[in-house]
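File shown: query.pdb. Contents: PDB, C-alpha atoms, pLDDT in the B column.
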ATOM      1  CA  ILE A   1      -4.749  24.012  20.462  1.00 53.00           C
ATOM      2  CA  ARG A   2      -7.326  22.683  22.881  1.00 60.00           C
ATOM      3  CA  MET A   3      -9.560  19.958  21.602  1.00 60.00           C
ATOM      4  CA  GLN A   4     -12.750  18.927  23.300  1.00 62.00           C
ATOM      5  CA  CYS A   5     -14.008  15.402  22.866  1.00 66.00           C
ATOM      6  CA  LYS A   6     -17.714  15.139  22.441  1.00 64.00           C
ATOM      7  CA  VAL A   7     -19.415  12.459  24.522  1.00 65.00           C
ATOM      8  CA  PHE A   8     -21.948  10.380  22.614  1.00 60.00           C
ATOM      9  CA  ASP A   9     -24.665   8.877  24.787  1.00 66.00           C
ATOM     10  CA  SER A  10     -25.967   6.614  22.032  1.00 69.00           C
ATOM     11  CA  LEU A  11     -24.689   5.055  18.841  1.00 64.00           C
ATOM     12  CA  LEU A  12     -27.385   6.900  16.946  1.00 70.00           C
ATOM     13  CA  TYR A  13     -25.758  10.248  17.770  1.00 76.00           C
ATOM     14  CA  LEU A  14     -22.636   9.292  15.832  1.00 78.00           C
ATOM     15  CA  PRO A  15     -22.287  10.588  12.280  1.00 80.00           C
ATOM     16  CA  PRO A  16     -23.178   8.000   9.620  1.00 83.00           C
ATOM     17  CA  ASP A  17     -19.595   7.598   8.452  1.00 82.00           C
ATOM     18  CA  LEU A  18     -18.435   6.677  11.969  1.00 83.00           C
ATOM     19  CA  GLN A  19     -21.334   4.245  12.379  1.00 87.00           C
ATOM     20  CA  ALA A  20     -20.377   2.542   9.120  1.00 90.00           C
ATOM     21  CA  ALA A  21     -16.705   2.541  10.123  1.00 90.00           C
ATOM     22  CA  ARG A  22     -17.525   0.911  13.470  1.00 90.00           C
ATOM     23  CA  GLY A  23     -19.605  -1.760  11.738  1.00 92.00           C
ATOM     24  CA  LEU A  24     -16.931  -2.499   9.147  1.00 94.00           C
ATOM     25  CA  MET A  25     -14.220  -2.747  11.799  1.00 94.00           C
ATOM     26  CA  CYS A  26     -16.344  -5.208  13.797  1.00 95.00           C
ATOM     27  CA  CYS A  27     -16.843  -7.255  10.615  1.00 96.00           C
ATOM     28  CA  SER A  28     -13.104  -7.144  10.017  1.00 96.00           C
ATOM     29  CA  VAL A  29     -12.311  -8.440  13.493  1.00 96.00           C
ATOM     30  CA  ALA A  30     -14.849 -11.249  13.097  1.00 96.00           C
ATOM     31  CA  LEU A  31     -13.610 -12.220   9.622  1.00 96.00           C
ATOM     32  CA  SER A  32      -9.944 -12.203  10.613  1.00 96.00           C
ATOM     33  CA  CYS A  33     -10.571 -14.300  13.749  1.00 96.00           C
ATOM     34  CA  LEU A  34     -12.682 -16.789  11.806  1.00 96.00           C
ATOM     35  CA  GLY A  35     -10.101 -16.898   9.011  1.00 95.00           C
ATOM     36  CA  LEU A  36      -7.352 -17.538  11.555  1.00 94.00           C
ATOM     37  CA  LEU A  37      -9.281 -20.402  13.137  1.00 94.00           C
ATOM     38  CA  ILE A  38      -9.974 -21.944   9.732  1.00 94.00           C
ATOM     39  CA  ALA A  39      -6.313 -21.523   8.755  1.00 93.00           C
ATOM     40  CA  ILE A  40      -5.253 -23.359  11.911  1.00 92.00           C
ATOM     41  CA  MET A  41      -7.476 -26.267  10.875  1.00 91.00           C
ATOM     42  CA  GLY A  42      -5.793 -26.403   7.473  1.00 88.00           C
ATOM     43  CA  MET A  43      -2.199 -26.397   8.685  1.00 86.00           C
ATOM     44  CA  ARG A  44      -0.047 -29.467   8.161  1.00 83.00           C
ATOM     45  CA  CYS A  45       0.783 -29.706  11.848  1.00 84.00           C
ATOM     46  CA  THR A  46      -2.863 -30.198  12.859  1.00 83.00           C
ATOM     47  CA  SER A  47      -4.833 -33.399  12.563  1.00 82.00           C
ATOM     48  CA  CYS A  48      -8.232 -31.899  11.711  1.00 82.00           C
ATOM     49  CA  ILE A  49      -8.229 -33.086   8.096  1.00 82.00           C
ATOM     50  CA  GLN A  50      -6.047 -36.168   8.064  1.00 81.00           C
ATOM     51  CA  ASN A  51      -4.562 -37.724   4.928  1.00 80.00           C
ATOM     52  CA  ASN A  52      -6.167 -35.196   2.583  1.00 82.00           C
ATOM     53  CA  GLU A  53      -3.690 -32.672   1.225  1.00 82.00           C
ATOM     54  CA  ARG A  54      -6.214 -31.365  -1.296  1.00 84.00           C
ATOM     55  CA  GLY A  55      -8.760 -30.672   1.440  1.00 86.00           C
ATOM     56  CA  LYS A  56      -6.190 -28.890   3.594  1.00 88.00           C
ATOM     57  CA  SER A  57      -5.156 -26.704   0.656  1.00 88.00           C
ATOM     58  CA  ILE A  58      -8.754 -25.749  -0.073  1.00 90.00           C
ATOM     59  CA  VAL A  59      -9.322 -24.906   3.607  1.00 91.00           C
ATOM     60  CA  LEU A  60      -6.227 -22.653   3.580  1.00 92.00           C
ATOM     61  CA  ILE A  61      -7.406 -20.910   0.404  1.00 93.00           C
ATOM     62  CA  ILE A  62     -10.808 -20.223   1.995  1.00 94.00           C
ATOM     63  CA  ALA A  63      -9.057 -18.857   5.092  1.00 95.00           C
ATOM     64  CA  GLY A  64      -6.883 -16.643   2.885  1.00 95.00           C
ATOM     65  CA  TRP A  65      -9.887 -15.130   1.154  1.00 95.00           C
ATOM     66  CA  MET A  66     -11.563 -14.500   4.500  1.00 96.00           C
ATOM     67  CA  ILE A  67      -8.455 -12.632   5.653  1.00 96.00           C
ATOM     68  CA  ILE A  68      -8.402 -10.623   2.401  1.00 96.00           C
ATOM     69  CA  LEU A  69     -12.065  -9.703   3.011  1.00 97.00           C
ATOM     70  CA  ALA A  70     -11.043  -8.592   6.515  1.00 97.00           C
ATOM     71  CA  CYS A  71      -8.365  -6.426   4.885  1.00 96.00           C
ATOM     72  CA  ILE A  72     -10.997  -4.797   2.687  1.00 96.00           C
ATOM     73  CA  CYS A  73     -13.200  -4.220   5.747  1.00 96.00           C
ATOM     74  CA  VAL A  74     -10.267  -2.411   7.409  1.00 96.00           C
ATOM     75  CA  ILE A  75      -9.081  -0.321   4.473  1.00 96.00           C
ATOM     76  CA  ILE A  76     -12.527   1.119   3.644  1.00 95.00           C
ATOM     77  CA  PRO A  77     -13.253   2.926   6.947  1.00 94.00           C
ATOM     78  CA  VAL A  78      -9.642   3.950   7.496  1.00 94.00           C
ATOM     79  CA  SER A  79      -9.316   5.481   4.033  1.00 93.00           C
ATOM     80  CA  TRP A  80     -12.790   6.996   4.279  1.00 92.00           C
ATOM     81  CA  THR A  81     -11.901   8.681   7.561  1.00 89.00           C
ATOM     82  CA  GLY A  82      -8.587   9.862   6.106  1.00 90.00           C
ATOM     83  CA  HIS A  83     -10.401  11.341   3.110  1.00 88.00           C
ATOM     84  CA  THR A  84     -12.875  13.104   5.391  1.00 85.00           C
ATOM     85  CA  ILE A  85     -10.075  14.569   7.493  1.00 83.00           C
ATOM     86  CA  ILE A  86      -8.191  15.832   4.437  1.00 84.00           C
ATOM     87  CA  THR A  87     -11.254  17.389   2.802  1.00 84.00           C
ATOM     88  CA  ASP A  88     -12.291  19.034   6.094  1.00 78.00           C
ATOM     89  CA  PHE A  89      -8.756  20.358   6.590  1.00 75.00           C
ATOM     90  CA  TYR A  90      -8.910  22.337   3.358  1.00 73.00           C
ATOM     91  CA  ASN A  91     -12.507  23.467   3.878  1.00 74.00           C
ATOM     92  CA  PRO A  92     -12.441  27.273   4.323  1.00 73.00           C
ATOM     93  CA  LEU A  93     -15.777  27.260   6.154  1.00 71.00           C
ATOM     94  CA  LEU A  94     -14.429  25.322   9.166  1.00 70.00           C
ATOM     95  CA  LEU A  95     -12.735  26.990  12.103  1.00 68.00           C
ATOM     96  CA  ASP A  96      -9.180  26.072  13.020  1.00 64.00           C
ATOM     97  CA  ALA A  97     -10.414  24.296  16.151  1.00 62.00           C
ATOM     98  CA  GLN A  98     -12.637  22.013  14.054  1.00 64.00           C
ATOM     99  CA  ARG A  99      -9.867  20.862  11.746  1.00 67.00           C
ATOM    100  CA  ARG A 100      -8.328  17.485  12.430  1.00 70.00           C
ATOM    101  CA  GLU A 101      -5.094  15.980  11.206  1.00 74.00           C
ATOM    102  CA  LEU A 102      -4.121  12.451  10.263  1.00 79.00           C
ATOM    103  CA  GLY A 103      -3.217  10.586  13.432  1.00 83.00           C
ATOM    104  CA  GLU A 104      -1.548   7.400  14.530  1.00 89.00           C
ATOM    105  CA  ALA A 105      -4.763   5.380  14.451  1.00 88.00           C
ATOM    106  CA  LEU A 106      -5.085   5.902  10.696  1.00 90.00           C
ATOM    107  CA  TYR A 107      -1.488   4.874  10.083  1.00 92.00           C
ATOM    108  CA  ILE A 108      -1.966   1.775  12.249  1.00 94.00           C
ATOM    109  CA  GLY A 109      -5.108   0.959  10.236  1.00 94.00           C
ATOM    110  CA  TRP A 110      -3.279   1.233   6.917  1.00 94.00           C
ATOM    111  CA  VAL A 111      -0.384  -0.912   8.139  1.00 96.00           C
ATOM    112  CA  THR A 112      -2.835  -3.451   9.558  1.00 96.00           C
ATOM    113  CA  SER A 113      -4.635  -3.708   6.243  1.00 96.00           C
ATOM    114  CA  ALA A 114      -1.302  -4.223   4.477  1.00 97.00           C
ATOM    115  CA  PHE A 115      -0.385  -7.056   6.853  1.00 97.00           C
ATOM    116  CA  LEU A 116      -3.830  -8.624   6.468  1.00 96.00           C
ATOM    117  CA  PHE A 117      -3.526  -8.428   2.691  1.00 96.00           C
ATOM    118  CA  ALA A 118      -0.071 -10.010   2.704  1.00 96.00           C
ATOM    119  CA  GLY A 119      -1.139 -12.805   5.054  1.00 95.00           C
ATOM    120  CA  GLY A 120      -4.329 -13.493   3.119  1.00 95.00           C
ATOM    121  CA  LEU A 121      -2.415 -13.519  -0.147  1.00 95.00           C
ATOM    122  CA  ILE A 122       0.023 -16.100   1.214  1.00 93.00           C
ATOM    123  CA  PHE A 123      -2.868 -18.397   2.113  1.00 92.00           C
ATOM    124  CA  ALA A 124      -4.962 -17.668  -0.989  1.00 91.00           C
ATOM    125  CA  CYS A 125      -2.154 -18.306  -3.492  1.00 90.00           C
ATOM    126  CA  ARG A 126      -1.629 -21.831  -2.244  1.00 83.00           C
ATOM    127  CA  HIS A 127      -1.323 -24.566  -4.861  1.00 75.00           C
ATOM    128  CA  VAL A 128      -4.098 -27.150  -4.756  1.00 74.00           C
ATOM    129  CA  PRO A 129      -2.668 -30.556  -5.603  1.00 69.00           C
ATOM    130  CA  SER A 130      -4.708 -32.450  -8.165  1.00 68.00           C
ATOM    131  CA  ASP A 131      -5.840 -36.016  -7.661  1.00 61.00           C
ATOM    132  CA  LYS A 132      -3.563 -37.128 -10.510  1.00 60.00           C
ATOM    133  CA  TYR A 133      -0.560 -35.768  -8.637  1.00 53.00           C
ATOM    134  CA  LEU A 134      -1.539 -37.582  -5.461  1.00 50.00           C
ATOM    135  CA  ASP A 135      -1.866 -40.884  -7.316  1.00 50.00           C
ATOM    136  CA  LYS A 136       1.552 -40.528  -8.947  1.00 51.00           C
ATOM    137  CA  ARG A 137       3.362 -39.802  -5.709  1.00 52.00           C
ATOM    138  CA  LEU A 138       6.234 -42.120  -5.080  1.00 51.00           C
ATOM    139  CA  MET A 139       5.372 -44.243  -2.115  1.00 56.00           C
ATOM    140  CA  TYR A 140       7.325 -47.169  -0.819  1.00 56.00           C
ATOM    141  CA  PRO A 141       5.267 -50.319  -1.010  1.00 59.00           C
ATOM    142  CA  ARG A 142       4.727 -51.978   2.322  1.00 60.00           C
ATOM    143  CA  ASN A 143       5.417 -55.525   1.154  1.00 66.00           C
ATOM    144  CA  THR A 144       9.019 -55.006  -0.013  1.00 67.00           C
ATOM    145  CA  PRO A 145      11.810 -56.175   2.280  1.00 69.00           C
ATOM    146  CA  LEU A 146      14.165 -53.652   3.797  1.00 68.00           C
ATOM    147  CA  VAL A 147      17.563 -53.605   2.117  1.00 71.00           C
ATOM    148  CA  GLU A 148      20.661 -52.216   3.740  1.00 73.00           C
ATOM    149  CA  TYR A 149      22.242 -49.309   1.912  1.00 71.00           C
ATOM    150  CA  GLN A 150      25.586 -50.167   0.332  1.00 73.00           C
ATOM    151  CA  PRO A 151      27.790 -47.141  -0.397  1.00 72.00           C
ATOM    152  CA  PRO A 152      29.815 -47.266  -3.601  1.00 71.00           C
ATOM    153  CA  MET A 153      33.359 -48.534  -3.246  1.00 69.00           C
ATOM    154  CA  LEU A 154      36.003 -45.850  -3.232  1.00 63.00           C
ATOM    155  CA  GLN A 155      38.975 -46.410  -5.477  1.00 60.00           C
ATOM    156  CA  ARG A 156      42.237 -46.539  -3.648  1.00 60.00           C
ATOM    157  CA  TYR A 157      45.365 -45.458  -5.368  1.00 56.00           C
ATOM    158  CA  PRO A 158      48.566 -47.298  -4.664  1.00 58.00           C
ATOM    159  CA  SER A 159      51.107 -45.347  -2.715  1.00 56.00           C
ATOM    160  CA  SER A 160      53.589 -45.613  -5.585  1.00 56.00           C
ATOM    161  CA  ILE A 161      51.565 -43.198  -7.697  1.00 60.00           C
ATOM    162  CA  ARG A 162      51.712 -40.385  -5.165  1.00 61.00           C
ATOM    163  CA  SER A 163      54.557 -39.663  -2.902  1.00 60.00           C
ATOM    164  CA  ARG A 164      54.551 -37.736   0.339  1.00 61.00           C
ATOM    165  CA  THR A 165      56.363 -34.794  -1.199  1.00 64.00           C
ATOM    166  CA  ASP A 166      53.806 -34.225  -4.004  1.00 60.00           C
ATOM    167  CA  TYR A 167      51.681 -31.996  -1.766  1.00 59.00           C
ATOM    168  CA  VAL A 168      54.494 -29.862  -0.448  1.00 56.00           C
TER     169      VAL A 168
END
Starting from the file, lay out its structure as structure tokens.
Amino acid sequence: IRMQCKVFDSLLYLPPDLQAARGLMCCSVALSCLGLLIAIMGMRCTSCIQNNERGKSIVLIIAGWMIILACICVIIPVSWTGHTIITDFYNPLLLDAQRRELGEALYIGWVTSAFLFAGGLIFACRHVPSDKYLDKRLMYPRNTPLVEYQPPMLQRYPSSIRSRTDYV
């Protein structure tokens, strides 16, 4: 089967579904990059929001929802294109040369949306510590003197209780 690719000189020559798919994919790339940058700011290893665990958790939740929105922006055009391909495949009015099949790009899009959903869900389901919890945290007071740790004394048994042949 020989397939000829049609060259489009302008974006306006594209069918409306491909124009919408291109726009949604660009939105997805922008949302996922922005969500990743915001997630980096909310990580514990960074010093962007210091001494505020509640703020870092809220930043990670926002980043998670941005990544989930990116997932939605990926799954819509990929599934829409897959639906178009399947309905055109079973259309009796189309010639065999005009029929397309599901390709690797669609499978990569579905897997990408699954990974984006899983990553966004990990960030979005983060527990936000309440202020009551932060106040009740056990902290060592700074004005107490340091005390050396004393291990408990081990009891020693006299050698008369056990003989050397007991273990044999």
#### Entry: Selection result for the PyMOL selection byres ((chain A and resi 56-60) around 9) on this file, as an MDAnalysis selection string
chainID A and resid 35 38:44 48:50 52:55 61:65 123:124 126:129
Listed atoms of stretch 84-95 of chain A boxed axis-aligned with 8 Å per side, centre + edges as JSON:
{"center_x": -12.0, "center_y": 20.2, "center_z": 7.5, "size_x": 23.6, "size_y": 30.2, "size_z": 25.3}
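Once the PyMOL selection byres ((chain A and resi 74) around 10) is applied to the shown structure, the selection contains Ala21, Leu24, Met25, Cys26, Cys27, Ser28, Val29, Ile68, Leu69, Ala70, Cys71, Ile72, Cys73, Ile75, Ile76, Pro77, Val78, Ser79, Gly109, Trp110, Thr112, Ser113, Ala114 and Leu116 of chain A.
Across the structure, atom CA of A:Leu34 and atom CA of A:Met66 are spaced 7.7 Å apart.
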### Counting all atoms listed in the file, the residue of A:Ile122, A:Leu18, A:Val111, A:Ile67 that sits nearest A:Ala30
A:Ile67
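Each of A:Leu37, A:Ile86, A:Cys45, A:Cys125 was compared to A:Gly103 using all atoms listed in the file, and A:Ile86 turns out to be the nearest.
Proximity of A:Val147, A:Leu12, A:Ala20, A:Leu106 to A:Ile85, computed with all atoms listed in the file, is greatest for A:Leu106.
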### Message
Please compute the atom CA of A:Arg100-atom CA of A:Asp88 distance, one decimal, in Å.
### Response
7.6 Å
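Across the structure, atom CA of A:Ile108 and atom CA of A:Asn91 are spaced 25.5 Å apart.
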